[in-house]
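Here is the structure we will look at, set down as structure tokens.
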Amino acid sequence: VFEPLGARVVAVPVTKVLHLKSAVTALPDGTVIGYEPLVDSASLFPRFLAVPEESGAHVVLLGGAKLLMAASAPKSAELLAGLGFDPVLVDIGEFEKLEGCVTCLSVRLRELYA
């Protein structure tokens, strides 16, 4: 179904987390970031970048270079800032106690109409 559109679908095993977005996030440049101990097969992603904290793998793209991410991932934020991104850190510690993350708490709207 997707091949005529130029896309290729690859099955990604997910045995260490609840769902794929709990393990990895795709950045605008095509790099996939993840906390390697929770990623079954990082080699499936052509451009995989390991982050040093579990919560560093969960980011919400805010547009441009801005990335919303948990304040509990300062080393990951520093790594991403070094790559030219602008991390916006938020304290979601109470949600993290119940395995929540910024991706779980967000709804992405592609366009807003006035």
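Every chain in the structure tokens takes a letter, A first, then B, and so on in the order presented; its residues are numbered from 1, and the ligands are numbered from 1 following the presented order.
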Spatial neighbours of region 13-27 of chain A, max dist 9 Å, only C-alpha atoms, sep filter under 2 positions, as a short mmCIF file (atom, residue, chain, number, x, y, z; two decimals) with N, CA, C and O atoms, in the first residue's frame:
data_model
loop_
_atom_site.label_atom_id
_atom_site.label_comp_id
_atom_site.auth_asym_id
_atom_site.auth_seq_id
_atom_site.Cartn_x
_atom_site.Cartn_y
_atom_site.Cartn_z
N ALA A 11 8.75 -4.01 9.92
CA ALA A 11 8.26 -4.46 11.21
C ALA A 11 9.37 -4.26 12.25
O ALA A 11 10.52 -4.64 12.03
N ASP A 29 15.22 15.35 10.91
CA ASP A 29 16.24 15.01 9.90
C ASP A 29 16.28 13.51 9.59
O ASP A 29 17.12 13.06 8.83
N GLY A 30 15.37 12.73 10.18
CA GLY A 30 15.32 11.29 9.91
C GLY A 30 16.07 10.45 10.92
O GLY A 30 15.98 9.23 10.91
N THR A 31 16.81 11.08 11.81
CA THR A 31 17.49 10.35 12.88
C THR A 31 16.45 9.83 13.86
O THR A 31 15.50 10.54 14.20
N VAL A 32 16.63 8.61 14.30
CA VAL A 32 15.75 8.03 15.32
C VAL A 32 16.54 7.97 16.61
O VAL A 32 17.65 7.42 16.65
N ILE A 33 16.01 8.58 17.67
CA ILE A 33 16.68 8.56 18.96
C ILE A 33 16.00 7.55 19.87
O ILE A 33 14.79 7.33 19.78
N GLY A 34 16.79 6.93 20.74
CA GLY A 34 16.23 5.97 21.67
C GLY A 34 17.19 5.66 22.79
O GLY A 34 18.40 5.88 22.67
N TYR A 35 16.64 5.16 23.86
CA TYR A 35 17.44 4.69 25.00
C TYR A 35 17.73 3.23 24.72
O TYR A 35 16.85 2.37 24.80
N GLU A 36 18.96 2.93 24.36
CA GLU A 36 19.34 1.65 23.79
C GLU A 36 18.92 0.41 24.61
O GLU A 36 18.51 -0.59 24.03
N PRO A 37 18.99 0.44 25.95
CA PRO A 37 18.56 -0.75 26.69
C PRO A 37 17.08 -1.13 26.46
O PRO A 37 16.69 -2.26 26.73
N LEU A 38 16.27 -0.21 25.95
CA LEU A 38 14.86 -0.48 25.73
C LEU A 38 14.50 -0.66 24.25
O LEU A 38 13.33 -0.80 23.91
N VAL A 39 15.50 -0.65 23.39
CA VAL A 39 15.28 -0.80 21.95
C VAL A 39 15.70 -2.22 21.55
O VAL A 39 16.84 -2.60 21.76
N ASP A 40 14.77 -2.99 21.01
CA ASP A 40 15.07 -4.37 20.65
C ASP A 40 16.14 -4.49 19.57
O ASP A 40 17.01 -5.34 19.67
N SER A 41 16.05 -3.66 18.55
CA SER A 41 16.99 -3.78 17.44
C SER A 41 17.28 -2.41 16.82
O SER A 41 16.66 -2.01 15.83
N GLU A 54 16.50 7.32 29.71
CA GLU A 54 15.27 6.77 29.13
C GLU A 54 14.32 7.87 28.69
O GLU A 54 13.78 7.84 27.58
N ALA A 57 14.53 9.77 25.23
CA ALA A 57 14.06 9.19 23.97
C ALA A 57 12.67 9.69 23.59
O ALA A 57 12.20 9.45 22.49
N HIS A 58 12.02 10.40 24.51
CA HIS A 58 10.65 10.88 24.28
C HIS A 58 10.68 12.38 24.04
O HIS A 58 10.90 13.15 24.97
N VAL A 59 10.50 12.78 22.81
CA VAL A 59 10.46 14.20 22.50
C VAL A 59 9.26 14.50 21.60
O VAL A 59 8.80 13.63 20.86
N VAL A 60 8.76 15.71 21.71
CA VAL A 60 7.68 16.18 20.85
C VAL A 60 8.25 17.31 20.00
O VAL A 60 8.84 18.25 20.53
N LEU A 61 8.10 17.19 18.71
CA LEU A 61 8.59 18.21 17.79
C LEU A 61 7.67 19.42 17.87
O LEU A 61 6.46 19.29 17.66
N CYS A 101 5.07 10.24 29.70
CA CYS A 101 6.14 11.03 29.10
C CYS A 101 5.52 12.14 28.25
O CYS A 101 4.31 12.19 28.07
N THR A 103 5.42 12.57 25.12
CA THR A 103 4.68 12.09 23.95
C THR A 103 3.30 11.60 24.35
O THR A 103 2.34 11.77 23.61
N CYS A 104 3.18 11.00 25.53
CA CYS A 104 1.87 10.53 26.02
C CYS A 104 0.95 11.70 26.35
O CYS A 104 -0.26 11.59 26.25
#
DSSP on the backbone, then: every residue of chain A marked strand (DSSP E or B), written as an mmCIF file with N, CA and C atoms, in the first residue's frame.
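Output (part_17.cif):
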data_model
loop_
_atom_site.group_PDB
_atom_site.id
_atom_site.type_symbol
_atom_site.label_atom_id
_atom_site.label_comp_id
_atom_site.auth_asym_id
_atom_site.auth_seq_id
_atom_site.Cartn_x
_atom_site.Cartn_y
_atom_site.Cartn_z
ATOM 1 N N VAL A 24 11.398 4.970 21.056
ATOM 2 C CA VAL A 24 12.113 5.813 20.096
ATOM 3 C C VAL A 24 11.259 6.989 19.629
ATOM 4 N N THR A 25 11.942 8.007 19.106
ATOM 5 C CA THR A 25 11.295 9.144 18.459
ATOM 6 C C THR A 25 12.092 9.492 17.210
ATOM 7 N N ALA A 26 11.392 9.810 16.136
ATOM 8 C CA ALA A 26 12.055 10.242 14.902
ATOM 9 C C ALA A 26 12.198 11.759 14.915
ATOM 10 N N VAL A 32 16.625 8.612 14.304
ATOM 11 C CA VAL A 32 15.749 8.030 15.321
ATOM 12 C C VAL A 32 16.544 7.972 16.612
ATOM 13 N N ILE A 33 16.006 8.584 17.669
ATOM 14 C CA ILE A 33 16.679 8.560 18.963
ATOM 15 C C ILE A 33 16.001 7.553 19.871
ATOM 16 N N GLY A 34 16.791 6.934 20.737
ATOM 17 C CA GLY A 34 16.228 5.969 21.667
ATOM 18 C C GLY A 34 17.192 5.658 22.788
ATOM 19 N N PHE A 48 20.361 5.762 13.780
ATOM 20 C CA PHE A 48 19.958 5.640 15.183
ATOM 21 C C PHE A 48 20.961 6.368 16.058
ATOM 22 N N LEU A 49 20.447 7.143 17.016
ATOM 23 C CA LEU A 49 21.283 7.853 17.976
ATOM 24 C C LEU A 49 20.827 7.473 19.375
ATOM 25 N N ALA A 50 21.715 6.847 20.136
ATOM 26 C CA ALA A 50 21.399 6.475 21.511
ATOM 27 C C ALA A 50 21.474 7.703 22.401
ATOM 28 N N VAL A 59 10.497 12.781 22.813
ATOM 29 C CA VAL A 59 10.457 14.205 22.498
ATOM 30 C C VAL A 59 9.260 14.495 21.603
ATOM 31 N N VAL A 60 8.762 15.714 21.714
ATOM 32 C CA VAL A 60 7.679 16.183 20.849
ATOM 33 C C VAL A 60 8.245 17.305 20.002
ATOM 34 N N LEU A 61 8.097 17.192 18.707
ATOM 35 C CA LEU A 61 8.590 18.212 17.793
ATOM 36 C C LEU A 61 7.666 19.419 17.868
ATOM 37 N N LEU A 62 8.226 20.571 18.194
ATOM 38 C CA LEU A 62 7.429 21.787 18.340
ATOM 39 C C LEU A 62 7.500 22.692 17.114
ATOM 40 N N GLY A 63 8.262 22.321 16.134
ATOM 41 C CA GLY A 63 8.447 23.149 14.952
ATOM 42 C C GLY A 63 9.836 23.754 14.952
ATOM 43 N N LYS A 66 12.898 23.334 17.764
ATOM 44 C CA LYS A 66 12.448 23.163 19.152
ATOM 45 C C LYS A 66 11.928 21.751 19.408
ATOM 46 N N LEU A 67 12.371 21.189 20.527
ATOM 47 C CA LEU A 67 11.944 19.862 20.960
ATOM 48 C C LEU A 67 11.459 19.947 22.397
ATOM 49 N N LEU A 68 10.231 19.532 22.656
ATOM 50 C CA LEU A 68 9.708 19.443 24.009
ATOM 51 C C LEU A 68 10.193 18.139 24.620
ATOM 52 N N MET A 69 10.787 18.224 25.818
ATOM 53 C CA MET A 69 11.258 17.005 26.471
ATOM 54 C C MET A 69 11.267 17.166 27.975
ATOM 55 N N ALA A 70 11.323 16.047 28.667
ATOM 56 C CA ALA A 70 11.277 16.049 30.127
ATOM 57 C C ALA A 70 12.555 16.622 30.723
ATOM 58 N N ASP A 86 16.875 22.842 19.857
ATOM 59 C CA ASP A 86 16.601 23.741 20.972
ATOM 60 C C ASP A 86 15.640 23.044 21.929
ATOM 61 N N PRO A 87 16.160 22.282 22.911
ATOM 62 C CA PRO A 87 15.284 21.566 23.841
ATOM 63 C C PRO A 87 14.521 22.524 24.754
ATOM 64 N N VAL A 88 13.228 22.263 24.899
ATOM 65 C CA VAL A 88 12.369 22.987 25.826
ATOM 66 C C VAL A 88 12.026 21.975 26.920
ATOM 67 N N LEU A 89 12.594 22.172 28.107
ATOM 68 C CA LEU A 89 12.460 21.193 29.178
ATOM 69 C C LEU A 89 11.263 21.509 30.067
ATOM 70 N N VAL A 90 10.478 20.488 30.397
ATOM 71 C CA VAL A 90 9.334 20.637 31.290
ATOM 72 C C VAL A 90 9.414 19.571 32.380
#
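Among the residues of chain A, backbone DSSP assigns alpha helix (DSSP H) to Pro74, Lys75, Ser76, Ala77, Glu78, Leu79, Leu80, Ala81, Gly82, Gly93, Glu94, Phe95 and Glu96 of chain A.
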Could you take the residues named above and write them with N, CA, C and O atoms, as a short mmCIF file (atom, residue, chain, number, x, y, z; two decimals), in the first residue's frame?
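Wrote selection-v4.cif, looks like this:
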data_model
loop_
_atom_site.label_atom_id
_atom_site.label_comp_id
_atom_site.auth_asym_id
_atom_site.auth_seq_id
_atom_site.Cartn_x
_atom_site.Cartn_y
_atom_site.Cartn_z
N PRO A 74 18.53 15.78 31.31
CA PRO A 74 19.43 16.90 30.98
C PRO A 74 20.58 16.51 30.07
O PRO A 74 21.01 17.30 29.23
N LYS A 75 21.10 15.29 30.22
CA LYS A 75 22.22 14.87 29.35
C LYS A 75 21.75 14.69 27.91
O LYS A 75 22.46 15.03 26.97
N SER A 76 20.55 14.14 27.74
CA SER A 76 19.99 13.99 26.39
C SER A 76 19.72 15.35 25.78
O SER A 76 19.97 15.57 24.59
N ALA A 77 19.20 16.28 26.59
CA ALA A 77 18.95 17.64 26.10
C ALA A 77 20.25 18.29 25.64
O ALA A 77 20.29 18.94 24.59
N GLU A 78 21.30 18.09 26.41
CA GLU A 78 22.61 18.64 26.04
C GLU A 78 23.11 18.02 24.73
O GLU A 78 23.63 18.73 23.86
N LEU A 79 22.93 16.72 24.58
CA LEU A 79 23.33 16.03 23.35
C LEU A 79 22.58 16.59 22.16
O LEU A 79 23.18 16.91 21.12
N LEU A 80 21.26 16.74 22.29
CA LEU A 80 20.46 17.25 21.19
C LEU A 80 20.75 18.72 20.90
O LEU A 80 20.74 19.14 19.74
N ALA A 81 21.02 19.50 21.93
CA ALA A 81 21.40 20.90 21.72
C ALA A 81 22.71 20.98 20.93
O ALA A 81 22.85 21.85 20.06
N GLY A 82 23.62 20.07 21.20
CA GLY A 82 24.88 20.02 20.46
C GLY A 82 24.70 19.69 18.99
O GLY A 82 25.57 19.97 18.17
N GLY A 93 7.65 15.15 36.36
CA GLY A 93 8.04 14.12 37.31
C GLY A 93 6.89 13.30 37.86
O GLY A 93 6.99 12.08 38.01
N GLU A 94 5.76 13.94 38.17
CA GLU A 94 4.62 13.20 38.71
C GLU A 94 4.04 12.24 37.67
O GLU A 94 3.61 11.15 38.01
N PHE A 95 4.04 12.64 36.40
CA PHE A 95 3.56 11.75 35.34
C PHE A 95 4.54 10.60 35.10
O PHE A 95 4.13 9.48 34.82
N GLU A 96 5.83 10.91 35.21
CA GLU A 96 6.84 9.87 35.00
C GLU A 96 6.74 8.76 36.04
O GLU A 96 7.09 7.62 35.75
#
Hey, can you check how far CA of Leu83 (chain A) sits from CA of Lys97 (chain A)?
29.2 Å
